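Visitor: Quick one: structure below, then a few questions.
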Amino acid sequence: MNRLITVAAAQLGPIQRAEGRDVVVARMVRLLERAHQRGANVVVFPELAFTTFFPRWYVENLDEADGWYEETLPSPATQPLFDAIRRYGLTCYLGYAEIAHEPDENGVLRKRRFNTSVVIAPSGEIVLKYRKVHLPGHKEFSTIRKVQHLEKRYFEVGNLGFPVTRAPVGGVDVNLGMLICNDRRWPESWRELGLQQVELVMLGYNTPAVNQENRGFEAPYQRQFHSQLSIQAGCYQNATFGVGVAKAGNEDGFELMGHSVIVNPQGEVMALASTWDDELIVADCNLAMCELGRSTIFNFAQHRRLEAYQRIATQTGSSAPAVWQPGQCA
Ligand code: CDT
């Protein structure tokens, strides 16, 4: 039985540091309107969609950075987005910087900061929340980098795991999961979702167009290759559709990669963005496609071998192997 939904990736062009939320939200509302006109049921926005990619800017005192975060969702500034979601009957993935006043791991109530995404139902209700687990970059100002990447300063590691929920999208019940940017490069993230029979992985990203630490081995064109490679492999190996959505273009002199993409459970690209601007790409996704991989080559219950995977959940860094000696077989 076919289970068809229409998925839209709503890529955002650059957002300058001086640009206000009202301007950005108006751009996002315009993309929702276009998504509705093109028959979309679900729309995916980028990571940290309301602001410039602020982890490139250093601030000494984090409280000075509060203007880049959301303490409530919706707020008066973001309400027009929620109104449009309701008006057009869309399900929506939204990435934003979150301030939460909640107890830490020691039970102490404090102001906490996360790189967060939510799924918003057509009613405006938030149905699922995820906080980014794989935070790249560094915590302190780096004197050797031309551009800072201070995610480890601005955010705590996400504490919600990798949740998946089954929720209606355009009249079809769909197993929905989320990742954020760097998470897409880690097979562990995808497998956590795959083990919950995810059918649509939504992820937003802000990927600098140049790797600051390329050491002569990573050309700019390989940034797109690595992004797509990761998303295509994640989709194929977990029998799911995936939507990767960029914030793209030149923000205050610093370039972010585009190439938003929609991928099917065969790992094939269904749609690819071609600009560094606000751009909508759309694909019709038959969720019945997820069943093939899930019931054959990636039938986890039949083929996974937990007894051989001990290192994966017990060892963080890699360790060098024992040196081979002639006459020994390890
Ligand atoms: N936002 C984000 O996670 N960006 C990373 C690049 C990190 S380079 C220090 C990414 O994986 O695209």
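Letters A, B, ... mark the chains of the structure tokens in the order given; residue numbers begin at 1 per chain; ligand numbers begin at 1, in order shown.
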Around ligand 1, out to 9 Å and counting only C-alpha atoms and all ligand atoms, which residues are there? I want them as a ChimeraX atom specification.
Guide: /A:47-48,53,55,132,134-138,148-151,180-185,204-208,210-213,223,227,257
Visitor: Taking only region 139-197 of chain A into account, list the residues labelled helix (DSSP H, G or I) by DSSP (computed from the backbone), as JSON, numbers by chain.
Guide: {"A": [151, 152, 153, 154, 181, 182, 183, 184, 185, 187, 188, 189, 190, 191, 192, 193, 194]}
Visitor: Nearest to Arg153 (chain A) among A:Ile262, A:Leu62, A:Leu272, A:Val323, with distances taken over only C-alpha atoms: which residue is it?
Guide: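 Ranking A:Ile262, A:Leu62, A:Leu272, A:Val323 by distance to Arg153 (chain A), first place goes to A:Leu62.
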Visitor: List the spatial neighbours of Gln37 (chain A) as a PyMOL selection string - criterion: any atom at most 12 Å away, only C-alpha atoms, same-chain residues fewer than 5 positions off excluded.
Guide: chain A and resi 6+8+30-32+88-90+280+282
Visitor: Take the residues just selected and output them with all heavy atoms as a compact mmCIF listing (two decimals), in the first residue's frame.
Guide:
```txt
# COMPACT_ATOMS: atom_id res chain seq x y z
N THR A 6 4.35 14.60 0.58
CA THR A 6 5.20 15.52 -0.20
C THR A 6 6.06 16.32 0.77
O THR A 6 5.55 16.97 1.69
CB THR A 6 4.32 16.44 -1.09
OG1 THR A 6 3.54 15.59 -1.95
CG2 THR A 6 5.18 17.37 -1.92
N ALA A 8 9.19 19.05 1.58
CA ALA A 8 9.89 20.24 1.05
C ALA A 8 11.08 20.57 1.94
O ALA A 8 10.98 20.56 3.16
CB ALA A 8 8.93 21.43 1.00
N ARG A 30 7.29 33.20 3.64
CA ARG A 30 7.18 33.17 2.18
C ARG A 30 7.49 31.76 1.65
O ARG A 30 6.82 31.24 0.76
CB ARG A 30 8.14 34.21 1.60
CG ARG A 30 8.21 34.28 0.10
CD ARG A 30 7.05 35.06 -0.53
NE ARG A 30 7.07 34.94 -1.99
CZ ARG A 30 6.17 34.27 -2.70
NH1 ARG A 30 5.14 33.68 -2.12
NH2 ARG A 30 6.27 34.20 -4.01
N LEU A 31 8.49 31.12 2.25
CA LEU A 31 8.83 29.74 1.84
C LEU A 31 7.71 28.77 2.19
O LEU A 31 7.41 27.85 1.42
CB LEU A 31 10.15 29.30 2.51
CG LEU A 31 11.42 29.88 1.87
CD1 LEU A 31 12.61 29.74 2.81
CD2 LEU A 31 11.72 29.20 0.53
N LEU A 32 7.06 28.98 3.34
CA LEU A 32 5.93 28.12 3.70
C LEU A 32 4.78 28.27 2.70
O LEU A 32 4.13 27.30 2.32
CB LEU A 32 5.44 28.45 5.11
CG LEU A 32 6.34 28.04 6.29
CD1 LEU A 32 5.73 28.48 7.61
CD2 LEU A 32 6.60 26.53 6.30
N TYR A 88 -1.52 27.01 6.56
CA TYR A 88 -1.29 26.12 5.42
C TYR A 88 -1.38 24.64 5.79
O TYR A 88 -1.16 23.78 4.94
CB TYR A 88 0.07 26.43 4.79
CG TYR A 88 0.19 27.86 4.30
CD1 TYR A 88 1.25 28.67 4.68
CD2 TYR A 88 -0.80 28.42 3.47
CE1 TYR A 88 1.35 29.98 4.24
CE2 TYR A 88 -0.71 29.73 3.04
CZ TYR A 88 0.36 30.51 3.43
OH TYR A 88 0.45 31.80 3.01
N GLY A 89 -1.63 24.33 7.06
CA GLY A 89 -1.80 22.93 7.49
C GLY A 89 -0.54 22.11 7.31
O GLY A 89 -0.60 20.93 6.92
N LEU A 90 0.62 22.70 7.63
CA LEU A 90 1.90 22.04 7.39
C LEU A 90 2.48 21.46 8.67
O LEU A 90 2.25 21.99 9.77
CB LEU A 90 2.90 23.04 6.81
CG LEU A 90 2.55 23.58 5.42
CD1 LEU A 90 3.37 24.82 5.10
CD2 LEU A 90 2.78 22.49 4.38
N LEU A 280 13.34 26.47 -2.47
CA LEU A 280 12.50 25.35 -2.06
C LEU A 280 12.74 24.19 -3.02
O LEU A 280 12.68 24.38 -4.23
CB LEU A 280 11.03 25.78 -2.12
CG LEU A 280 10.05 24.95 -1.32
CD1 LEU A 280 10.21 25.23 0.17
CD2 LEU A 280 8.63 25.26 -1.77
N VAL A 282 11.34 20.10 -3.62
CA VAL A 282 10.18 19.30 -3.20
C VAL A 282 10.31 17.89 -3.79
O VAL A 282 10.80 17.73 -4.91
CB VAL A 282 8.87 19.97 -3.71
CG1 VAL A 282 7.66 19.13 -3.36
CG2 VAL A 282 8.73 21.37 -3.13
```
Visitor: Run DSSP on the backbone and tell me which residues of region 80-209 of chain A come out as strand (DSSP E or B); list them as a PyMOL selection string.
Guide: chain A and resi 91-103+109-120+126-131+164-169+172-180+200-205+208
Visitor: What's the 8 Å shell around region 230-233 of chain A, counting only C-alpha atoms, without same-chain residues fewer than 3 positions away, as a PDB file with all heavy atoms, in the first residue's frame?
Guide:
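Once everything was written out, this is out_1.pdb:
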```
ATOM      1  N   ARG A 184      24.832  14.381  11.234  1.00  0.00           N
ATOM      2  CA  ARG A 184      24.634  13.573  10.025  1.00  0.00           C
ATOM      3  C   ARG A 184      25.888  12.813   9.624  1.00  0.00           C
ATOM      4  O   ARG A 184      25.828  11.873   8.843  1.00  0.00           O
ATOM      5  CB  ARG A 184      24.157  14.448   8.860  1.00  0.00           C
ATOM      6  CG  ARG A 184      25.224  15.352   8.203  1.00  0.00           C
ATOM      7  CD  ARG A 184      24.527  16.382   7.350  1.00  0.00           C
ATOM      8  NE  ARG A 184      25.315  17.267   6.522  1.00  0.00           N
ATOM      9  CZ  ARG A 184      26.037  18.312   6.946  1.00  0.00           C
ATOM     10  NH1 ARG A 184      26.161  18.565   8.224  1.00  0.00           N
ATOM     11  NH2 ARG A 184      26.651  19.093   6.068  1.00  0.00           N
ATOM     12  N   ARG A 185      27.019  13.233  10.137  1.00  0.00           N
ATOM     13  CA  ARG A 185      28.283  12.576   9.759  1.00  0.00           C
ATOM     14  C   ARG A 185      28.557  11.333  10.597  1.00  0.00           C
ATOM     15  O   ARG A 185      29.534  10.631  10.375  1.00  0.00           O
ATOM     16  CB  ARG A 185      29.445  13.553   9.941  1.00  0.00           C
ATOM     17  CG  ARG A 185      29.257  14.854   9.162  1.00  0.00           C
ATOM     18  CD  ARG A 185      30.459  15.748   9.277  1.00  0.00           C
ATOM     19  NE  ARG A 185      30.180  17.094   8.826  1.00  0.00           N
ATOM     20  CZ  ARG A 185      30.242  17.506   7.556  1.00  0.00           C
ATOM     21  NH1 ARG A 185      30.582  16.653   6.612  1.00  0.00           N
ATOM     22  NH2 ARG A 185      29.962  18.760   7.226  1.00  0.00           N
ATOM     23  N   TRP A 186      27.712  11.083  11.612  1.00  0.00           N
ATOM     24  CA  TRP A 186      27.963  10.009  12.582  1.00  0.00           C
ATOM     25  C   TRP A 186      26.970   8.878  12.384  1.00  0.00           C
ATOM     26  O   TRP A 186      25.777   9.038  12.643  1.00  0.00           O
ATOM     27  CB  TRP A 186      27.850  10.576  14.009  1.00  0.00           C
ATOM     28  CG  TRP A 186      28.883  11.627  14.248  1.00  0.00           C
ATOM     29  CD1 TRP A 186      28.780  12.958  13.957  1.00  0.00           C
ATOM     30  CD2 TRP A 186      30.199  11.437  14.755  1.00  0.00           C
ATOM     31  NE1 TRP A 186      29.949  13.602  14.263  1.00  0.00           N
ATOM     32  CE2 TRP A 186      30.846  12.684  14.760  1.00  0.00           C
ATOM     33  CE3 TRP A 186      30.905  10.312  15.215  1.00  0.00           C
ATOM     34  CZ2 TRP A 186      32.161  12.842  15.193  1.00  0.00           C
ATOM     35  CZ3 TRP A 186      32.199  10.476  15.657  1.00  0.00           C
ATOM     36  CH2 TRP A 186      32.816  11.736  15.644  1.00  0.00           C
ATOM     37  N   HIS A 226      30.971  15.114   1.087  1.00  0.00           N
ATOM     38  CA  HIS A 226      30.906  14.490   2.412  1.00  0.00           C
ATOM     39  C   HIS A 226      29.500  14.604   3.019  1.00  0.00           C
ATOM     40  O   HIS A 226      29.031  13.683   3.684  1.00  0.00           O
ATOM     41  CB  HIS A 226      31.917  15.141   3.365  1.00  0.00           C
ATOM     42  CG  HIS A 226      33.325  14.881   2.960  1.00  0.00           C
ATOM     43  ND1 HIS A 226      34.368  15.719   3.263  1.00  0.00           N
ATOM     44  CD2 HIS A 226      33.864  13.863   2.236  1.00  0.00           C
ATOM     45  CE1 HIS A 226      35.484  15.222   2.761  1.00  0.00           C
ATOM     46  NE2 HIS A 226      35.211  14.106   2.132  1.00  0.00           N
ATOM     47  N   SER A 227      28.859  15.750   2.787  1.00  0.00           N
ATOM     48  CA  SER A 227      27.520  15.939   3.326  1.00  0.00           C
ATOM     49  C   SER A 227      26.561  14.932   2.697  1.00  0.00           C
ATOM     50  O   SER A 227      25.833  14.209   3.385  1.00  0.00           O
ATOM     51  CB  SER A 227      27.063  17.381   3.054  1.00  0.00           C
ATOM     52  OG  SER A 227      25.769  17.573   3.551  1.00  0.00           O
ATOM     53  N   TYR A 236      20.206   4.928   3.302  1.00  0.00           N
ATOM     54  CA  TYR A 236      20.239   3.556   2.784  1.00  0.00           C
ATOM     55  C   TYR A 236      20.372   2.545   3.921  1.00  0.00           C
ATOM     56  O   TYR A 236      19.620   1.568   4.000  1.00  0.00           O
ATOM     57  CB  TYR A 236      21.397   3.414   1.788  1.00  0.00           C
ATOM     58  CG  TYR A 236      21.695   1.994   1.420  1.00  0.00           C
ATOM     59  CD1 TYR A 236      20.731   1.219   0.764  1.00  0.00           C
ATOM     60  CD2 TYR A 236      22.926   1.397   1.734  1.00  0.00           C
ATOM     61  CE1 TYR A 236      20.986  -0.110   0.432  1.00  0.00           C
ATOM     62  CE2 TYR A 236      23.182   0.083   1.414  1.00  0.00           C
ATOM     63  CZ  TYR A 236      22.215  -0.674   0.769  1.00  0.00           C
ATOM     64  OH  TYR A 236      22.463  -1.980   0.460  1.00  0.00           O
ATOM     65  N   GLN A 237      21.305   2.798   4.827  1.00  0.00           N
ATOM     66  CA  GLN A 237      21.612   1.798   5.857  1.00  0.00           C
ATOM     67  C   GLN A 237      20.535   1.699   6.937  1.00  0.00           C
ATOM     68  O   GLN A 237      20.562   0.786   7.760  1.00  0.00           O
ATOM     69  CB  GLN A 237      22.969   2.113   6.496  1.00  0.00           C
ATOM     70  CG  GLN A 237      24.108   1.923   5.505  1.00  0.00           C
ATOM     71  CD  GLN A 237      25.427   2.475   5.985  1.00  0.00           C
ATOM     72  OE1 GLN A 237      25.487   3.205   6.972  1.00  0.00           O
ATOM     73  NE2 GLN A 237      26.494   2.143   5.275  1.00  0.00           N
ATOM     74  N   GLY A 242      15.419  10.955   3.922  1.00  0.00           N
ATOM     75  CA  GLY A 242      16.154  11.980   4.662  1.00  0.00           C
ATOM     76  C   GLY A 242      16.076  13.314   3.939  1.00  0.00           C
ATOM     77  O   GLY A 242      16.035  13.357   2.705  1.00  0.00           O
ATOM     78  N   GLY A 244      18.073  16.987   4.116  1.00  0.00           N
ATOM     79  CA  GLY A 244      19.146  17.816   4.671  1.00  0.00           C
ATOM     80  C   GLY A 244      18.999  19.228   4.136  1.00  0.00           C
ATOM     81  O   GLY A 244      18.935  19.427   2.922  1.00  0.00           O
ATOM     82  N   VAL A 263      16.663  12.627   0.016  1.00  0.00           N
ATOM     83  CA  VAL A 263      17.220  11.309  -0.325  1.00  0.00           C
ATOM     84  C   VAL A 263      16.191  10.226   0.009  1.00  0.00           C
ATOM     85  O   VAL A 263      15.474  10.336   1.014  1.00  0.00           O
ATOM     86  CB  VAL A 263      18.532  11.088   0.478  1.00  0.00           C
ATOM     87  CG1 VAL A 263      19.076   9.676   0.291  1.00  0.00           C
ATOM     88  CG2 VAL A 263      19.590  12.122   0.075  1.00  0.00           C
ATOM     89  N   ASN A 264      16.152   9.176  -0.828  1.00  0.00           N
ATOM     90  CA  ASN A 264      15.202   8.089  -0.565  1.00  0.00           C
ATOM     91  C   ASN A 264      15.891   6.914   0.144  1.00  0.00           C
ATOM     92  O   ASN A 264      17.109   6.924   0.318  1.00  0.00           O
ATOM     93  CB  ASN A 264      14.477   7.677  -1.864  1.00  0.00           C
ATOM     94  CG  ASN A 264      15.396   6.928  -2.835  1.00  0.00           C
ATOM     95  OD1 ASN A 264      16.421   6.380  -2.458  1.00  0.00           O
ATOM     96  ND2 ASN A 264      14.998   6.918  -4.092  1.00  0.00           N
ATOM     97  N   GLY A 267      19.037   5.354  -0.880  1.00  0.00           N
ATOM     98  CA  GLY A 267      20.234   6.192  -0.797  1.00  0.00           C
ATOM     99  C   GLY A 267      20.398   7.107  -1.995  1.00  0.00           C
ATOM    100  O   GLY A 267      21.462   7.705  -2.186  1.00  0.00           O
ATOM    101  N   GLU A 268      19.335   7.224  -2.802  1.00  0.00           N
ATOM    102  CA  GLU A 268      19.436   8.049  -4.013  1.00  0.00           C
ATOM    103  C   GLU A 268      18.916   9.459  -3.778  1.00  0.00           C
ATOM    104  O   GLU A 268      17.938   9.660  -3.038  1.00  0.00           O
ATOM    105  CB  GLU A 268      18.616   7.422  -5.149  1.00  0.00           C
ATOM    106  CG  GLU A 268      19.239   6.167  -5.699  1.00  0.00           C
ATOM    107  CD  GLU A 268      18.340   5.521  -6.742  1.00  0.00           C
ATOM    108  OE1 GLU A 268      17.107   5.633  -6.632  1.00  0.00           O
ATOM    109  OE2 GLU A 268      18.875   4.906  -7.664  1.00  0.00           O
ATOM    110  N   VAL A 269      19.554  10.418  -4.470  1.00  0.00           N
ATOM    111  CA  VAL A 269      19.129  11.812  -4.386  1.00  0.00           C
ATOM    112  C   VAL A 269      17.858  12.009  -5.209  1.00  0.00           C
ATOM    113  O   VAL A 269      17.804  11.678  -6.393  1.00  0.00           O
ATOM    114  CB  VAL A 269      20.250  12.743  -4.900  1.00  0.00           C
ATOM    115  CG1 VAL A 269      19.755  14.175  -5.002  1.00  0.00           C
ATOM    116  CG2 VAL A 269      21.457  12.653  -3.971  1.00  0.00           C
TER     117      VAL A 269
END
```
Visitor: One decimal, Å: what's the distance from CA of Ala209 (chain A) over to CA of Leu12 (chain A), could you say?
Guide: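 Interatomic distance here is 14.9 Å.
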Visitor: Closest to Asp104 (chain A) among A:Val157, A:Ser142, A:Leu200, A:Thr116, using only C-alpha atoms?
Guide: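 Looking at the shortest contact to Asp104 (chain A), the residue is A:Val157.
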Visitor: Leaving out Pro14 (chain A) and any residue of its chain fewer than 6 positions from it, which residues lie within 10 Å of it when counting only C-alpha atoms, given as a ChimeraX atom specification?
Guide: /A:24,51-53,246-252,254-256,276-278
Visitor: Rounded to one decimal, what separation in Å do you get between CA of Leu81 (chain A) and CA of Val245 (chain A)?
Guide: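 Calculated distance between CA of Leu81 (chain A) and CA of Val245 (chain A) is 17.6 Å.
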Visitor: Mind checking which residues fall within 7 Å of region 93-95 of chain A, counting only C-alpha atoms, ignoring those fewer than 6 positions away in the same chain, and posting them as a list in words?
Guide: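 Near neighbours after the sequence-gap exclusion: Val43, Val44, Phe45, Pro46, Glu47, Leu48, Ala49, Thr116, Ser117, Val118, Val119, Ile120, Met202 and Gly204 of chain A.
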Visitor: Any chance you can output those residues with N, CA and C atoms as a PDB file, in the first residue's frame?
Guide:
```
ATOM      1  N   VAL A  43       7.622  20.646   5.852  1.00  0.00           N
ATOM      2  CA  VAL A  43       8.651  21.599   5.426  1.00  0.00           C
ATOM      3  C   VAL A  43       9.791  21.575   6.444  1.00  0.00           C
ATOM      4  N   VAL A  44      11.009  21.470   5.935  1.00  0.00           N
ATOM      5  CA  VAL A  44      12.186  21.389   6.801  1.00  0.00           C
ATOM      6  C   VAL A  44      13.037  22.646   6.614  1.00  0.00           C
ATOM      7  N   PHE A  45      13.308  23.354   7.728  1.00  0.00           N
ATOM      8  CA  PHE A  45      14.170  24.544   7.712  1.00  0.00           C
ATOM      9  C   PHE A  45      15.566  24.168   8.230  1.00  0.00           C
ATOM     10  N   PRO A  46      16.541  25.070   8.090  1.00  0.00           N
ATOM     11  CA  PRO A  46      17.911  24.761   8.539  1.00  0.00           C
ATOM     12  C   PRO A  46      18.080  24.774  10.056  1.00  0.00           C
ATOM     13  N   GLU A  47      19.286  24.400  10.460  1.00  0.00           N
ATOM     14  CA  GLU A  47      19.764  24.570  11.844  1.00  0.00           C
ATOM     15  C   GLU A  47      19.837  26.074  12.157  1.00  0.00           C
ATOM     16  N   LEU A  48      19.558  26.463  13.395  1.00  0.00           N
ATOM     17  CA  LEU A  48      19.670  27.865  13.839  1.00  0.00           C
ATOM     18  C   LEU A  48      19.086  28.803  12.783  1.00  0.00           C
ATOM     19  N   ALA A  49      17.811  28.568  12.486  1.00  0.00           N
ATOM     20  CA  ALA A  49      17.195  29.204  11.307  1.00  0.00           C
ATOM     21  C   ALA A  49      16.902  30.694  11.487  1.00  0.00           C
ATOM     22  N   THR A 116      18.935  23.270  19.199  1.00  0.00           N
ATOM     23  CA  THR A 116      17.701  22.482  19.297  1.00  0.00           C
ATOM     24  C   THR A 116      16.928  22.477  17.983  1.00  0.00           C
ATOM     25  N   SER A 117      16.157  21.412  17.776  1.00  0.00           N
ATOM     26  CA  SER A 117      15.172  21.415  16.688  1.00  0.00           C
ATOM     27  C   SER A 117      13.861  20.847  17.223  1.00  0.00           C
ATOM     28  N   VAL A 118      12.775  21.274  16.598  1.00  0.00           N
ATOM     29  CA  VAL A 118      11.458  20.766  16.979  1.00  0.00           C
ATOM     30  C   VAL A 118      10.670  20.396  15.732  1.00  0.00           C
ATOM     31  N   VAL A 119       9.724  19.483  15.921  1.00  0.00           N
ATOM     32  CA  VAL A 119       8.697  19.240  14.906  1.00  0.00           C
ATOM     33  C   VAL A 119       7.435  19.948  15.382  1.00  0.00           C
ATOM     34  N   ILE A 120       6.895  20.786  14.520  1.00  0.00           N
ATOM     35  CA  ILE A 120       5.673  21.530  14.847  1.00  0.00           C
ATOM     36  C   ILE A 120       4.530  20.946  14.017  1.00  0.00           C
ATOM     37  N   MET A 202      14.760  14.387   9.440  1.00  0.00           N
ATOM     38  CA  MET A 202      14.843  15.797   9.051  1.00  0.00           C
ATOM     39  C   MET A 202      16.064  16.398   9.733  1.00  0.00           C
ATOM     40  N   GLY A 204      18.758  19.994   9.682  1.00  0.00           N
ATOM     41  CA  GLY A 204      19.206  21.275   9.155  1.00  0.00           C
ATOM     42  C   GLY A 204      20.693  21.430   9.394  1.00  0.00           C
TER      43      GLY A 204
END
```
Visitor: With only C-alpha atoms as the basis for distance, which of A:Glu125, A:Ile281, A:Arg166, A:Gln310 is at the shortest distance from Ala35 (chain A)?
Guide: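 The shortest atom-to-atom distance to Ala35 (chain A) comes from A:Ile281.
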Visitor: Could you work out how far CA of Ala219 (chain A) lies from CA of Ser189 (chain A), giving the answer in Å with one decimal?
Guide: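 Computing it gives 25.7 Å between the two atoms.
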Visitor: Near region 297-306 of chain A, within 12 Å and counting only C-alpha atoms, which residues show up once chain neighbours fewer than 6 positions away are dropped, as JSON, numbers by chain?
Guide: {"A": [191, 192, 194, 195, 196, 197, 234, 235, 236, 237, 238, 239, 240, 265, 266, 290, 291, 312, 313]}
Visitor: Taking N, CA and C atoms for each residue, export the selection above as a short mmCIF file (atom, residue, chain, number, x, y, z; two decimals), in the first residue's frame.
Guide:
```cif
data_model
loop_
_atom_site.label_atom_id
_atom_site.label_comp_id
_atom_site.auth_asym_id
_atom_site.auth_seq_id
_atom_site.Cartn_x
_atom_site.Cartn_y
_atom_site.Cartn_z
N ARG A 191 21.74 5.23 13.26
CA ARG A 191 21.33 3.91 13.72
C ARG A 191 20.39 4.02 14.91
N GLU A 192 20.64 5.03 15.78
CA GLU A 192 19.72 5.27 16.90
C GLU A 192 18.30 5.51 16.35
N GLY A 194 17.28 4.61 13.22
CA GLY A 194 16.88 3.41 12.47
C GLY A 194 16.31 2.34 13.39
N LEU A 195 16.87 2.23 14.58
CA LEU A 195 16.40 1.22 15.54
C LEU A 195 14.99 1.53 16.03
N GLN A 196 14.51 2.74 15.74
CA GLN A 196 13.13 3.11 16.10
C GLN A 196 12.25 3.18 14.85
N GLN A 197 12.73 2.53 13.77
CA GLN A 197 11.98 2.45 12.51
C GLN A 197 11.61 3.82 11.95
N GLY A 234 23.34 7.19 5.41
CA GLY A 234 22.44 7.08 6.57
C GLY A 234 21.06 6.62 6.15
N CYS A 235 20.56 7.15 5.03
CA CYS A 235 19.23 6.76 4.56
C CYS A 235 19.21 5.31 4.11
N TYR A 236 20.21 4.93 3.30
CA TYR A 236 20.24 3.56 2.78
C TYR A 236 20.37 2.55 3.92
N GLN A 237 21.30 2.80 4.83
CA GLN A 237 21.61 1.80 5.86
C GLN A 237 20.54 1.70 6.94
N ASN A 238 19.60 2.66 6.92
CA ASN A 238 18.52 2.63 7.92
C ASN A 238 17.14 2.66 7.28
N ALA A 239 17.12 2.48 5.94
CA ALA A 239 15.86 2.34 5.20
C ALA A 239 14.90 3.49 5.49
N THR A 240 15.39 4.69 5.31
CA THR A 240 14.57 5.87 5.62
C THR A 240 14.74 6.95 4.55
N PRO A 265 15.11 5.88 0.55
CA PRO A 265 15.72 4.78 1.32
C PRO A 265 16.69 3.93 0.51
N GLN A 266 16.71 4.09 -0.80
CA GLN A 266 17.75 3.44 -1.60
C GLN A 266 19.06 4.23 -1.55
N CYS A 290 10.23 2.28 2.60
CA CYS A 290 11.10 2.00 3.76
C CYS A 290 11.06 0.52 4.14
N GLU A 291 9.98 -0.16 3.74
CA GLU A 291 9.79 -1.53 4.22
C GLU A 291 10.79 -2.51 3.62
N ILE A 312 31.62 -0.09 20.45
CA ILE A 312 30.85 1.07 19.99
C ILE A 312 30.22 1.83 21.15
N ALA A 313 29.72 1.12 22.12
CA ALA A 313 29.04 1.82 23.23
C ALA A 313 29.91 1.95 24.48
#
```
